[in-house]
$ cat work_23.cif   # mmCIF, C-alpha atoms and all ligand atoms
data_final
#
loop_
_atom_site.label_atom_id
_atom_site.label_comp_id
_atom_site.auth_asym_id
_atom_site.auth_seq_id
_atom_site.Cartn_x
_atom_site.Cartn_y
_atom_site.Cartn_z
CA MET V 83 -161.09 91.14 -117.66
CA ARG V 84 -162.43 90.33 -114.28
CA LEU V 85 -158.95 89.59 -112.97
CA LEU V 86 -157.68 92.99 -114.08
CA ASN V 87 -160.29 94.68 -111.99
CA TYR V 88 -158.90 93.05 -108.91
CA LEU V 89 -155.24 93.25 -109.75
CA PRO V 90 -154.49 96.68 -108.25
CA TRP V 91 -155.70 95.48 -104.87
CA LEU V 92 -153.33 92.56 -104.92
CA LEU V 93 -150.19 94.48 -105.78
CA PRO V 94 -147.80 95.67 -103.10
CA ALA V 95 -147.82 99.44 -102.81
CA ALA V 96 -144.33 99.85 -104.20
CA LEU V 97 -145.16 97.96 -107.38
CA ALA V 98 -148.47 99.72 -107.81
CA ASN V 99 -146.64 103.01 -107.79
CA PRO V 100 -143.24 102.26 -109.33
CA LEU V 101 -142.16 105.90 -109.23
CA ASN V 102 -142.08 105.73 -105.44
CA VAL V 103 -139.98 102.59 -105.06
CA ARG V 104 -137.21 104.54 -103.38
CA SER V 105 -138.23 107.06 -100.83
CA THR V 106 -134.97 108.95 -100.71
CA ALA V 107 -133.00 110.94 -103.23
CA CYS V 108 -129.24 111.39 -103.17
CA ASN V 109 -127.89 114.72 -104.45
CA ASN V 110 -131.44 115.55 -105.54
CA SER V 111 -132.22 112.37 -107.45
CA PRO V 112 -133.18 108.80 -106.50
CA ASP V 113 -131.30 107.66 -109.62
CA LEU V 114 -127.97 108.87 -108.26
CA CYS V 115 -127.90 106.88 -104.98
CA ASP V 116 -126.27 103.85 -106.55
CA LYS V 117 -123.81 105.86 -108.63
CA SER V 118 -120.23 106.31 -107.55
CA TYR V 119 -119.07 109.74 -106.40
CA GLY V 120 -116.56 109.84 -109.26
CA GLU V 121 -118.95 108.65 -111.93
CA ILE V 122 -121.50 111.48 -111.76
CA THR V 123 -121.08 115.17 -112.56
CA HIS V 124 -121.12 117.65 -109.66
CA LEU V 125 -122.01 121.26 -110.41
CA GLY V 126 -119.38 123.59 -108.96
CA ALA V 127 -119.66 127.25 -107.99
CA HIS V 128 -116.33 128.92 -108.75
CA ASP V 129 -115.22 131.20 -105.92
CA SER V 130 -118.42 130.33 -104.07
CA PRO V 131 -118.12 132.86 -101.20
CA PHE V 132 -117.25 135.78 -103.48
CA VAL V 133 -120.67 137.23 -104.13
CA ARG V 134 -121.28 140.10 -106.52
CA THR V 135 -123.93 142.11 -104.72
CA SER V 136 -123.42 145.44 -106.43
CA ASP V 137 -121.01 147.32 -108.65
CA SER V 138 -118.69 147.67 -105.70
CA THR V 139 -118.16 143.92 -105.74
CA LEU V 140 -117.35 143.47 -109.43
CA ALA V 141 -114.67 141.01 -108.36
CA GLY V 142 -117.46 138.61 -107.27
CA ASP V 143 -118.11 135.39 -109.21
CA GLN V 144 -121.57 134.47 -107.94
CA TYR V 145 -124.88 136.24 -107.33
CA TYR V 146 -125.98 134.00 -104.45
CA ASP V 147 -124.26 132.94 -101.25
CA THR V 148 -122.98 129.45 -100.53
CA PRO V 149 -126.04 128.00 -98.69
CA THR V 150 -128.31 129.30 -101.47
CA GLN V 151 -126.03 127.72 -104.06
CA LEU V 152 -126.16 124.37 -102.26
CA SER V 153 -129.94 124.46 -101.85
CA ALA V 154 -130.26 125.17 -105.56
CA GLY V 155 -128.22 122.08 -106.53
CA VAL V 156 -124.55 123.12 -106.47
CA ARG V 157 -122.49 120.27 -104.95
CA LEU V 158 -118.93 121.61 -105.27
CA VAL V 159 -117.84 124.91 -103.77
CA THR V 160 -114.41 126.43 -104.30
CA ALA V 161 -112.73 129.29 -102.45
CA GLN V 162 -109.36 130.99 -102.02
CA VAL V 163 -107.78 130.97 -98.58
CA HIS V 164 -105.43 133.81 -97.58
CA LYS V 165 -103.63 134.68 -94.37
CA ASP V 166 -104.63 138.09 -93.03
CA ASN V 167 -103.81 139.40 -89.55
CA ASN V 168 -102.77 135.88 -88.59
CA GLU V 169 -106.23 134.56 -89.47
CA TRP V 170 -107.33 132.38 -92.38
CA HIS V 171 -109.69 134.43 -94.53
CA LEU V 172 -111.52 133.82 -97.79
CA CYS V 173 -110.22 136.61 -99.99
CA HIS V 174 -110.34 137.18 -103.70
CA SER V 175 -106.69 137.59 -104.65
CA TYR V 176 -106.30 140.33 -102.02
CA CYS V 177 -108.10 140.74 -98.73
CA SER V 178 -108.36 144.47 -99.44
CA LEU V 179 -110.27 143.73 -102.65
CA LEU V 180 -112.87 141.24 -101.45
CA ASP V 181 -112.82 139.56 -98.04
CA ALA V 182 -115.61 137.07 -97.44
CA GLY V 183 -114.62 136.46 -93.82
CA LEU V 184 -113.06 133.58 -91.91
CA LEU V 185 -112.64 130.15 -93.46
CA SER V 186 -114.00 128.58 -90.26
CA ASP V 187 -117.17 130.70 -90.42
CA TRP V 188 -117.79 129.70 -94.02
CA LEU V 189 -117.22 126.02 -93.17
CA ALA V 190 -119.70 126.40 -90.31
CA THR V 191 -122.39 127.52 -92.76
CA ILE V 192 -121.67 124.41 -94.83
CA LYS V 193 -121.87 122.27 -91.67
CA SER V 194 -125.31 123.71 -90.89
CA TRP V 195 -126.43 123.02 -94.43
CA LEU V 196 -125.22 119.40 -94.22
CA ASP V 197 -127.08 119.01 -90.89
CA GLU V 198 -130.28 120.11 -92.61
CA HIS V 199 -129.74 118.04 -95.77
CA PRO V 200 -128.88 114.49 -94.67
CA ASN V 201 -128.87 112.92 -98.15
CA GLU V 202 -126.43 115.24 -99.86
CA VAL V 203 -122.74 114.82 -100.64
CA VAL V 204 -120.80 118.09 -100.90
CA THR V 205 -117.26 118.79 -102.08
CA VAL V 206 -115.08 121.68 -100.93
CA LEU V 207 -111.99 122.71 -102.92
CA LEU V 208 -109.67 125.24 -101.32
CA VAL V 209 -107.08 127.23 -103.22
CA ASN V 210 -104.47 127.42 -100.50
CA SER V 211 -102.98 130.74 -101.59
CA ASP V 212 -100.68 131.27 -98.61
CA SER V 213 -99.81 127.59 -98.20
CA ALA V 214 -101.50 126.89 -94.90
CA SER V 215 -100.28 123.62 -93.40
CA ALA V 216 -102.63 120.66 -93.00
CA ALA V 217 -102.69 121.43 -89.27
CA GLU V 218 -103.64 125.07 -89.89
CA LEU V 219 -106.45 124.13 -92.28
CA GLY V 220 -107.51 121.27 -90.05
CA ALA V 221 -107.90 123.67 -87.13
CA GLU V 222 -110.42 125.65 -89.18
CA PHE V 223 -112.42 122.50 -89.90
CA THR V 224 -112.34 121.64 -86.20
CA THR V 225 -113.51 125.13 -85.22
CA ALA V 226 -116.39 124.73 -87.68
CA ASN V 227 -117.26 121.35 -86.05
CA ILE V 228 -117.46 119.85 -89.53
CA THR V 229 -114.81 117.11 -89.28
CA SER V 230 -117.28 114.35 -88.40
CA TYR V 231 -118.69 114.70 -91.93
CA ALA V 232 -115.29 114.63 -93.65
CA TYR V 233 -114.63 111.71 -95.97
CA GLU V 234 -111.27 109.97 -95.56
CA PRO V 235 -109.81 108.30 -98.66
CA SER V 236 -108.17 104.90 -98.29
CA SER V 237 -104.91 106.46 -99.51
CA LEU V 238 -103.76 110.06 -99.29
CA THR V 239 -101.17 109.58 -102.00
CA SER V 240 -102.96 108.03 -104.96
CA ALA V 241 -106.35 108.29 -106.60
CA PRO V 242 -108.61 105.26 -106.11
CA SER V 243 -109.78 103.30 -109.16
CA SER V 244 -113.32 103.78 -107.94
CA TRP V 245 -115.10 105.90 -105.38
CA PRO V 246 -117.93 104.83 -103.06
CA THR V 247 -121.51 105.34 -104.13
CA LEU V 248 -123.40 108.37 -102.86
CA GLN V 249 -125.59 106.04 -100.79
CA THR V 250 -122.54 104.48 -99.12
CA MET V 251 -121.18 107.91 -98.25
CA ILE V 252 -124.55 109.07 -96.95
CA ASP V 253 -125.02 105.91 -94.85
CA SER V 254 -121.56 106.34 -93.31
CA GLY V 255 -122.15 110.03 -92.64
CA LYS V 256 -118.91 110.84 -94.46
CA ARG V 257 -120.37 113.12 -97.10
CA LEU V 258 -118.03 116.09 -97.17
CA VAL V 259 -115.15 115.63 -99.61
CA VAL V 260 -112.27 118.07 -99.16
CA PHE V 261 -109.47 118.95 -101.56
CA ALA V 262 -106.87 121.70 -101.24
CA THR V 263 -104.02 122.91 -103.42
CA PRO V 264 -101.18 123.28 -102.82
CA LEU V 265 -101.13 121.03 -99.78
CA THR V 266 -98.59 118.95 -97.91
CA THR V 267 -100.83 116.19 -96.64
CA SER V 268 -100.69 114.81 -93.12
CA THR V 269 -102.02 111.55 -91.75
CA ASP V 270 -103.12 113.60 -88.73
CA TYR V 271 -105.69 115.18 -91.10
CA PRO V 272 -106.61 112.20 -93.27
CA TYR V 273 -109.55 114.01 -94.88
CA LEU V 274 -107.44 116.82 -96.39
CA MET V 275 -106.59 115.61 -99.89
CA SER V 276 -104.07 117.27 -102.16
CA GLU V 277 -106.17 118.20 -105.17
CA PHE V 278 -103.87 117.21 -108.01
CA ASP V 279 -103.25 113.74 -106.60
CA PHE V 280 -106.96 113.03 -107.13
CA ILE V 281 -108.07 115.44 -109.87
CA TRP V 282 -106.91 116.87 -113.18
CA GLU V 283 -108.20 120.10 -114.66
CA ASN V 284 -108.45 121.69 -118.07
CA ASN V 285 -107.20 125.26 -118.56
CA TYR V 286 -109.07 127.77 -116.40
CA ASP V 287 -107.65 130.99 -117.84
CA VAL V 288 -109.97 131.48 -120.82
CA THR V 289 -110.81 134.91 -122.24
CA SER V 290 -112.46 133.98 -125.53
CA PRO V 291 -115.63 131.86 -125.83
CA SER V 292 -113.98 129.88 -128.66
CA ASN V 293 -111.06 128.89 -126.46
CA PHE V 294 -112.55 126.40 -124.01
CA THR V 295 -110.60 123.15 -124.21
CA CYS V 296 -110.89 119.61 -122.85
CA GLU V 297 -107.15 118.88 -122.61
CA PRO V 298 -105.55 118.39 -119.21
CA ASP V 299 -103.64 121.47 -118.06
CA ARG V 300 -102.88 120.71 -114.40
CA PRO V 301 -101.12 118.83 -112.89
CA SER V 302 -98.35 119.71 -115.34
CA SER V 303 -97.25 116.05 -115.45
CA LEU V 304 -100.49 115.26 -117.32
CA SER V 305 -100.63 118.40 -119.43
CA GLY V 306 -101.96 117.76 -122.93
CA SER V 307 -102.47 114.00 -122.59
CA ILE V 308 -106.07 112.92 -122.08
CA SER V 309 -105.20 109.22 -122.14
CA THR V 310 -102.51 109.57 -119.47
CA ALA V 311 -104.84 111.69 -117.36
CA LEU V 312 -107.70 109.18 -117.61
CA SER V 313 -105.50 106.19 -116.84
CA SER V 314 -104.11 107.94 -113.74
CA ASN V 315 -107.56 107.45 -112.13
CA ARG V 316 -107.72 111.15 -111.32
CA LEU V 317 -111.16 112.72 -111.67
CA PRO V 318 -111.77 114.99 -114.69
CA PHE V 319 -112.50 118.56 -113.57
CA MET V 320 -113.88 120.92 -116.19
CA ASN V 321 -113.35 124.63 -115.61
CA HIS V 322 -115.90 126.57 -117.63
CA PHE V 323 -115.83 130.27 -116.95
CA LEU V 324 -114.87 133.27 -119.02
CA TYR V 325 -112.68 136.18 -118.00
CA SER V 326 -113.19 139.71 -119.20
CA THR V 327 -110.21 141.30 -120.89
CA ASP V 328 -111.40 144.88 -120.38
CA LEU V 329 -108.51 145.42 -118.01
CA ALA V 330 -106.00 143.31 -119.94
CA LEU V 331 -103.69 146.31 -120.32
CA LEU V 332 -103.43 146.38 -116.55
CA ASP V 333 -102.93 142.61 -116.50
CA ILE V 334 -106.13 142.07 -114.51
CA GLU V 335 -108.80 139.52 -115.44
CA TYR V 336 -112.22 139.55 -113.81
CA PRO V 337 -115.38 137.50 -114.43
CA ASN V 338 -117.21 138.24 -117.69
CA ALA V 339 -120.79 138.56 -116.49
CA SER V 340 -122.22 140.03 -119.68
CA TYR V 341 -121.73 136.81 -121.68
CA VAL V 342 -122.48 134.32 -118.89
CA SER V 343 -125.99 133.44 -120.05
CA THR V 344 -124.32 131.91 -123.10
CA THR V 345 -121.23 130.55 -121.30
CA ASN V 346 -123.47 128.58 -118.91
CA ALA V 347 -126.21 127.65 -121.39
CA PRO V 348 -127.07 124.04 -122.22
CA SER V 349 -126.87 124.80 -125.97
CA GLY V 350 -126.59 127.59 -128.52
CA GLY V 351 -123.91 130.25 -128.79
CA THR V 352 -120.13 129.89 -128.95
CA GLY V 353 -118.63 128.35 -125.82
CA ASN V 354 -121.89 127.18 -124.25
CA LEU V 355 -121.54 124.72 -121.38
CA GLY V 356 -123.69 121.95 -122.85
CA SER V 357 -121.78 121.63 -126.12
CA THR V 358 -118.42 121.93 -124.40
CA ALA V 359 -119.27 119.25 -121.83
CA THR V 360 -120.51 116.92 -124.56
CA LYS V 361 -117.34 117.53 -126.55
CA CYS V 362 -115.19 116.76 -123.51
CA LYS V 363 -117.17 113.64 -122.63
CA THR V 364 -116.58 112.35 -126.15
CA ALA V 365 -112.89 113.29 -125.95
CA TYR V 366 -112.71 111.31 -122.69
CA GLY V 367 -114.04 108.17 -124.35
CA GLY V 368 -117.52 108.60 -122.88
CA ARG V 369 -116.31 109.46 -119.38
CA GLN V 370 -118.28 112.44 -118.14
CA PRO V 371 -116.44 115.23 -116.28
CA THR V 372 -116.79 114.63 -112.53
CA PHE V 373 -116.87 118.35 -111.83
CA VAL V 374 -118.02 121.31 -113.88
CA LEU V 375 -117.01 124.66 -112.38
CA VAL V 376 -118.82 127.85 -113.38
CA ASP V 377 -119.21 131.51 -112.44
CA PHE V 378 -122.73 132.85 -111.70
CA PHE V 379 -124.10 129.29 -111.50
CA ASN V 380 -127.77 130.34 -111.73
CA LYS V 381 -127.20 131.61 -115.27
CA GLY V 382 -127.67 129.25 -118.18
CA PRO V 383 -128.96 127.60 -116.05
CA ALA V 384 -125.79 125.57 -115.60
CA LEU V 385 -127.74 122.82 -113.79
CA ASP V 386 -129.49 121.86 -117.04
CA THR V 387 -126.21 120.60 -118.48
CA VAL V 388 -125.27 118.76 -115.28
CA ASP V 389 -128.70 117.09 -115.06
CA SER V 390 -128.39 116.06 -118.66
CA LEU V 391 -124.93 114.53 -118.10
CA ASN V 392 -126.34 112.70 -115.05
CA ASN V 393 -129.48 111.57 -116.91
CA VAL V 394 -131.50 113.23 -114.15
CA THR V 395 -135.02 114.13 -115.12
CA ASN V 396 -136.59 113.77 -111.70
CA ALA V 397 -134.65 116.22 -109.54
CA VAL V 398 -136.24 116.76 -106.14
CA GLY V 399 -135.56 118.91 -103.10
CA ARG V 400 -134.02 121.89 -104.81
CA THR V 401 -134.83 125.50 -104.00
CA SER V 402 -134.62 127.15 -107.35
CA VAL V 403 -133.20 130.60 -107.89
CA SER V 404 -133.92 132.77 -110.87
CA SER V 405 -131.68 132.21 -113.86
CA SER V 406 -132.27 135.78 -114.93
CA SER V 407 -131.38 137.42 -111.66
CA SER V 408 -128.10 139.28 -111.51
CA SER V 409 -128.42 140.46 -107.98
CA SER V 410 -128.39 138.71 -104.69
CA SER V 411 -130.90 139.07 -101.92
CA SER V 412 -128.11 138.83 -99.39
CA SER V 413 -126.82 142.02 -97.86
CA SER V 414 -124.64 144.08 -100.12
CA SER V 415 -121.16 144.79 -98.92
CA ASP V 416 -119.89 148.32 -98.77
CA GLY V 417 -117.43 149.50 -101.36
CA SER V 418 -113.98 149.49 -99.84
CA THR V 419 -111.46 151.95 -101.25
CA VAL V 420 -109.92 149.17 -103.27
CA ASN V 421 -113.29 148.00 -104.54
CA ASN V 422 -114.00 151.54 -105.64
CA VAL V 423 -110.67 151.78 -107.43
CA PHE V 424 -111.43 148.50 -109.16
CA LYS V 425 -114.93 149.65 -110.06
CA GLY V 426 -113.48 152.88 -111.45
CA LEU V 427 -111.03 150.96 -113.60
CA VAL V 428 -113.77 148.72 -114.98
CA GLU V 429 -116.04 151.68 -115.73
CA LEU V 430 -113.28 153.60 -117.44
CA ALA V 431 -112.29 150.66 -119.62
CA SER V 432 -115.94 149.92 -120.48
CA SER V 433 -116.74 153.48 -121.46
CA ALA V 434 -113.61 153.78 -123.59
CA LYS V 435 -114.51 150.47 -125.25
CA SER V 436 -118.04 151.64 -126.01
CA GLY V 437 -116.65 154.70 -127.76
CA ALA V 438 -117.21 157.36 -125.10
CA SER V 439 -114.53 160.00 -124.98
CA THR V 440 -112.65 159.63 -121.76
CA SER V 441 -110.51 162.47 -120.50
CA MET V 442 -106.76 162.40 -120.30
CA GLY V 443 -107.18 162.94 -116.58
CA ASP V 444 -109.08 159.65 -116.30
CA TRP V 445 -106.22 157.79 -117.88
CA VAL V 446 -103.64 159.52 -115.76
CA TRP V 447 -105.64 158.33 -112.79
CA ALA V 448 -105.96 154.81 -114.22
CA GLY V 449 -102.26 154.73 -114.94
CA GLY V 450 -101.62 155.85 -111.39
CA ASN V 451 -100.91 153.83 -108.35
CA TRP V 452 -103.46 151.04 -108.97
CA ASP V 453 -100.97 148.21 -108.96
CA SER V 454 -99.68 148.94 -105.50
CA ILE V 455 -103.28 148.71 -104.34
CA LEU V 456 -104.58 145.84 -106.43
CA GLY V 457 -101.38 144.13 -107.41
CA GLY V 458 -100.69 143.27 -111.04
CA GLY V 459 -101.11 140.08 -113.02
CA ILE V 460 -104.16 138.67 -111.31
CA SER V 461 -107.04 136.48 -112.48
CA LEU V 462 -110.07 137.03 -110.32
C1 LIG Q 1 -120.85 119.30 -83.49
O1 LIG Q 1 -121.51 118.51 -84.46
C2 LIG Q 1 -122.07 117.33 -83.91
C3 LIG Q 1 -122.52 116.45 -85.08
O2 LIG Q 1 -123.24 117.15 -86.02
C4 LIG Q 1 -123.18 117.72 -82.95
O3 LIG Q 1 -123.77 116.57 -82.41
C5 LIG Q 1 -122.59 118.58 -81.84
O4 LIG Q 1 -123.61 119.05 -81.00
C6 LIG Q 1 -121.83 119.76 -82.43
N1 LIG Q 1 -121.10 120.45 -81.37
C7 LIG Q 1 -121.19 121.75 -81.15
C8 LIG Q 1 -120.32 122.31 -80.06
O5 LIG Q 1 -121.94 122.47 -81.81
C1 LIG Q 2 -107.42 131.46 -128.33
O1 LIG Q 2 -106.64 130.34 -128.70
C2 LIG Q 2 -105.80 130.59 -129.83
C3 LIG Q 2 -105.18 129.28 -130.22
O2 LIG Q 2 -104.58 128.68 -129.11
C4 LIG Q 2 -104.78 131.66 -129.45
O3 LIG Q 2 -103.95 131.94 -130.54
C5 LIG Q 2 -105.52 132.92 -129.04
O4 LIG Q 2 -104.60 133.89 -128.57
C6 LIG Q 2 -106.54 132.63 -127.94
N1 LIG Q 2 -107.35 133.81 -127.75
C7 LIG Q 2 -107.51 134.37 -126.57
C8 LIG Q 2 -108.35 135.59 -126.52
O5 LIG Q 2 -107.01 133.90 -125.58
C1 LIG Q 3 -117.63 139.13 -122.52
O1 LIG Q 3 -117.43 138.23 -123.60
C2 LIG Q 3 -118.10 138.58 -124.78
C3 LIG Q 3 -117.88 137.46 -125.77
O2 LIG Q 3 -116.52 137.32 -126.02
C4 LIG Q 3 -117.60 139.92 -125.27
O3 LIG Q 3 -118.31 140.30 -126.43
C5 LIG Q 3 -117.81 140.97 -124.17
O4 LIG Q 3 -117.24 142.20 -124.55
C6 LIG Q 3 -117.16 140.53 -122.89
N1 LIG Q 3 -117.53 141.45 -121.81
C7 LIG Q 3 -116.63 141.95 -121.00
C8 LIG Q 3 -117.14 142.87 -119.95
O5 LIG Q 3 -115.46 141.66 -121.06
C1 LIG Q 4 -125.99 108.79 -118.44
O1 LIG Q 4 -126.26 108.04 -119.63
C2 LIG Q 4 -125.13 107.90 -120.47
C3 LIG Q 4 -125.59 107.24 -121.76
O2 LIG Q 4 -126.23 106.04 -121.48
C4 LIG Q 4 -124.06 107.08 -119.77
O3 LIG Q 4 -122.89 107.03 -120.57
C5 LIG Q 4 -123.70 107.78 -118.45
O4 LIG Q 4 -122.81 106.97 -117.71
C6 LIG Q 4 -124.93 108.07 -117.61
N1 LIG Q 4 -124.51 108.87 -116.47
C7 LIG Q 4 -124.96 108.66 -115.25
C8 LIG Q 4 -124.38 109.48 -114.14
O5 LIG Q 4 -125.83 107.85 -115.01
#
$ encode --input "work_23.cif" --output "structure tokens"
Amino acid sequence: MRLLNYLPWLLPAALANPLNVRSTACNNSPDLCDKSYGEITHLGAHDSPFVRTSDSTLAGDQYYDTPTQLSAGVRLVTAQVHKDNNEWHLCHSYCSLLDAGLLSDWLATIKSWLDEHPNEVVTVLLVNSDSASAAELGAEFTTANITSYAYEPSSLTSAPSSWPTLQTMIDSGKRLVVFATPLTTSTDYPYLMSEFDFIWENNYDVTSPSNFTCEPDRPSSLSGSISTALSSNRLPFMNHFLYSTDLALLDIEYPNASYVSTTNAPSGGTGNLGSTATKCKTAYGGRQPTFVLVDFFNKGPALDTVDSLNNVTNAVGRTSVSSSSSSSSSSSSDGSTVNNVFKGLVELASSAKSGASTSMGDWVWAGGNWDSILGGGISL
């Protein structure tokens, strides 16, 4: 017994306190440093810059802005890029509906966040709606001074059989991974990857909580075949968000916020994220989805499912946001005319659905000139 009394004094500090063996965490956990980028699950914020701050921004998909998402644990941010007035803007389907500003400004906020968080690997996925060239997108990255962080794959044409570990990416400083679609790649911009050469996705256009699927949907060459998709080395990307069909008659889909606490939940309720992710992991022979993309990421909270897939129980360095909050602390945008038209359409459809008697005049208005303003056939 005498020896035991002395033992603690003889042990090196690291052994005496095994929980502190590693002083750094990668993507919020010391357990993830040695894992490959493609092997873990990254939580994605769908339409990250499109923030729903009030009823006038019903087209928004998130309650918190991009830096807040990242600080809370989101590691994939997606956005739509549109050309407006000869500038590259982040707009939700139409710049008149929701314009979150210049792509370069948004990238600059991500650059600042990366500067302040040296052990984090972040992925950006751009929906290249107006087919900007690699040079045009690259110019935005240059303006944002973010290119020194951009990871360059060994090949721009085929997915690697394995990706570097988070620690390797952090040590090299190349910890921003960029995908865009559609994209004609260019060796002049070796960090701009064409999404579907490296990734496959399940269906994103889901309007019923019982209709989430694990099957590949895009690229079309892999549609319906999990085994072909897995053996192509592309990374599994799980869309998991629900569209409201209130405006289905007008062929417009917008985020279903009323059901999102279930959609993003770790368990319970039809279409919850946890059960769906587990089902997909099993369908993929034990391979966990590399990305899980959700609306209103703080709900659920969606991170619970991602932590569980990653076996992370010791997350550090996150700034948590409320999972019950449905409003953002960031400044609310004013309701543009188009936003107000959209809001009016949503309110009219909701009140009719809940049984309120709506006047013929309302419907004449709704059946009016909305599609020349909003455009038809859109999924927000
Ligand atoms: C661009 O980023 C680099 C690396 O983070 C930094 O050293 C440099 O000062 C930045 N340049 C400008 C003009 O902000
Ligand atoms: C759900 O999927 C079923 C089977 O594919 C389909 O018949 C049905 O229309 C879908 N429901 C919705 C609301 O999309
Ligand atoms: C959201 O989805 C739930 C579950 O399907 C449904 O009951 C609800 O009406 C939807 N809400 C809207 C606004 O579409
Ligand atoms: C988490 O644990 C499961 C079960 O052991 C394993 O299949 C999976 O690869 C682990 N994931 C990570 C990111 O460590």
$ atom_distance --input "work_23.cif" --atom1 "atom CA of Asp129 of chain V" --atom2 "atom CA of Val259 of chain V"
16.8 Å
$ residues_near_point --input "work_23.cif" --point "(-121.3, 121.1, -110.2)" --cutoff "8 Å" --atoms "only C-alpha atoms" --output "list of chain:residue names"
V:Thr123, V:His124, V:Leu125, V:Gly126, V:Ala127, V:Gly155, V:Val156, V:Arg157, V:Leu158, V:Phe373, V:Val374, V:Leu375, V:Val376, V:Leu385, V:Val388
$ write_last_selection --input "work_23.cif" --atoms "C-alpha atoms" --output "short mmCIF file (atom, residue, chain, number, x, y, z; two decimals), in the coordinates of the input"
data_model
loop_
_atom_site.label_atom_id
_atom_site.label_comp_id
_atom_site.auth_asym_id
_atom_site.auth_seq_id
_atom_site.Cartn_x
_atom_site.Cartn_y
_atom_site.Cartn_z
CA THR V 123 -121.08 115.17 -112.56
CA HIS V 124 -121.12 117.65 -109.66
CA LEU V 125 -122.01 121.26 -110.41
CA GLY V 126 -119.38 123.59 -108.96
CA ALA V 127 -119.66 127.25 -107.99
CA GLY V 155 -128.22 122.08 -106.53
CA VAL V 156 -124.55 123.12 -106.47
CA ARG V 157 -122.49 120.27 -104.95
CA LEU V 158 -118.93 121.61 -105.27
CA PHE V 373 -116.87 118.35 -111.83
CA VAL V 374 -118.02 121.31 -113.88
CA LEU V 375 -117.01 124.66 -112.38
CA VAL V 376 -118.82 127.85 -113.38
CA LEU V 385 -127.74 122.82 -113.79
CA VAL V 388 -125.27 118.76 -115.28
#
$ residues_near_ligand --input "work_23.cif" --ligand "ligand LIG 3 (chain Q)" --cutoff "7 Å" --atoms "all atoms listed in the file" --output "MDAnalysis selection string"
chainID V and resid 290:291 325:328 338:341
$ residues_near_ligand --input "work_23.cif" --ligand "ligand LIG 1 (chain Q)" --cutoff "12 Å" --atoms "only C-alpha atoms and all ligand atoms" --output "ChimeraX atom specification"
/V:190,192-200,223-232,255-256
$ residues_near_point --input "work_23.cif" --point "(-124.3, 115.9, -100.7)" --cutoff "8 Å" --atoms "all atoms listed in the file" --output "mmCIF file with C-alpha atoms, in the coordinates of the input"
data_model
loop_
_atom_site.group_PDB
_atom_site.id
_atom_site.type_symbol
_atom_site.label_atom_id
_atom_site.label_comp_id
_atom_site.auth_asym_id
_atom_site.auth_seq_id
_atom_site.Cartn_x
_atom_site.Cartn_y
_atom_site.Cartn_z
ATOM 1 C CA CYS V 108 -129.240 111.390 -103.170
ATOM 2 C CA ASN V 109 -127.890 114.720 -104.450
ATOM 3 C CA ARG V 157 -122.490 120.270 -104.950
ATOM 4 C CA LEU V 196 -125.220 119.400 -94.220
ATOM 5 C CA HIS V 199 -129.740 118.040 -95.770
ATOM 6 C CA PRO V 200 -128.880 114.490 -94.670
ATOM 7 C CA ASN V 201 -128.870 112.920 -98.150
ATOM 8 C CA GLU V 202 -126.430 115.240 -99.860
ATOM 9 C CA VAL V 203 -122.740 114.820 -100.640
ATOM 10 C CA VAL V 204 -120.800 118.090 -100.900
ATOM 11 C CA THR V 205 -117.260 118.790 -102.080
ATOM 12 C CA LEU V 248 -123.400 108.370 -102.860
ATOM 13 C CA ILE V 252 -124.550 109.070 -96.950
ATOM 14 C CA ARG V 257 -120.370 113.120 -97.100
ATOM 15 C CA LEU V 258 -118.030 116.090 -97.170
#
$ closest_residue --input "work_23.cif" --among "V:Asn380, V:Ser432, V:Thr387, V:Ser276" --to "ligand LIG 4 (chain Q)" --atoms "only C-alpha atoms and all ligand atoms"
V:Thr387
$ residues_near_ligand --input "work_23.cif" --ligand "ligand LIG 2 (chain Q)" --cutoff "8 Å" --atoms "only C-alpha atoms and all ligand atoms" --output "list in words"
Val288, Thr289, Ser290, Ser292 and Asn293 of chain V
$ residues_near_ligand --input "work_23.cif" --ligand "ligand LIG 4 (chain Q)" --cutoff "10 Å" --atoms "all atoms listed in the file" --output "compact mmCIF listing (two decimals) with C-alpha atoms, in the coordinates of the input"
# COMPACT_ATOMS: atom_id res chain seq x y z
CA ASP V 113 -131.30 107.66 -109.62
CA LEU V 114 -127.97 108.87 -108.26
CA ASP V 116 -126.27 103.85 -106.55
CA LYS V 117 -123.81 105.86 -108.63
CA SER V 118 -120.23 106.31 -107.55
CA TYR V 119 -119.07 109.74 -106.40
CA GLY V 120 -116.56 109.84 -109.26
CA GLU V 121 -118.95 108.65 -111.93
CA ILE V 122 -121.50 111.48 -111.76
CA THR V 123 -121.08 115.17 -112.56
CA HIS V 124 -121.12 117.65 -109.66
CA LYS V 363 -117.17 113.64 -122.63
CA THR V 364 -116.58 112.35 -126.15
CA GLY V 367 -114.04 108.17 -124.35
CA GLY V 368 -117.52 108.60 -122.88
CA ARG V 369 -116.31 109.46 -119.38
CA GLN V 370 -118.28 112.44 -118.14
CA THR V 372 -116.79 114.63 -112.53
CA VAL V 388 -125.27 118.76 -115.28
CA ASP V 389 -128.70 117.09 -115.06
CA SER V 390 -128.39 116.06 -118.66
CA LEU V 391 -124.93 114.53 -118.10
CA ASN V 392 -126.34 112.70 -115.05
CA ASN V 393 -129.48 111.57 -116.91
CA VAL V 394 -131.50 113.23 -114.15
$ atom_distance --input "work_23.cif" --atom1 "atom CA of Glu297 of chain V" --atom2 "atom CA of Ser244 of chain V"
21.9 Å
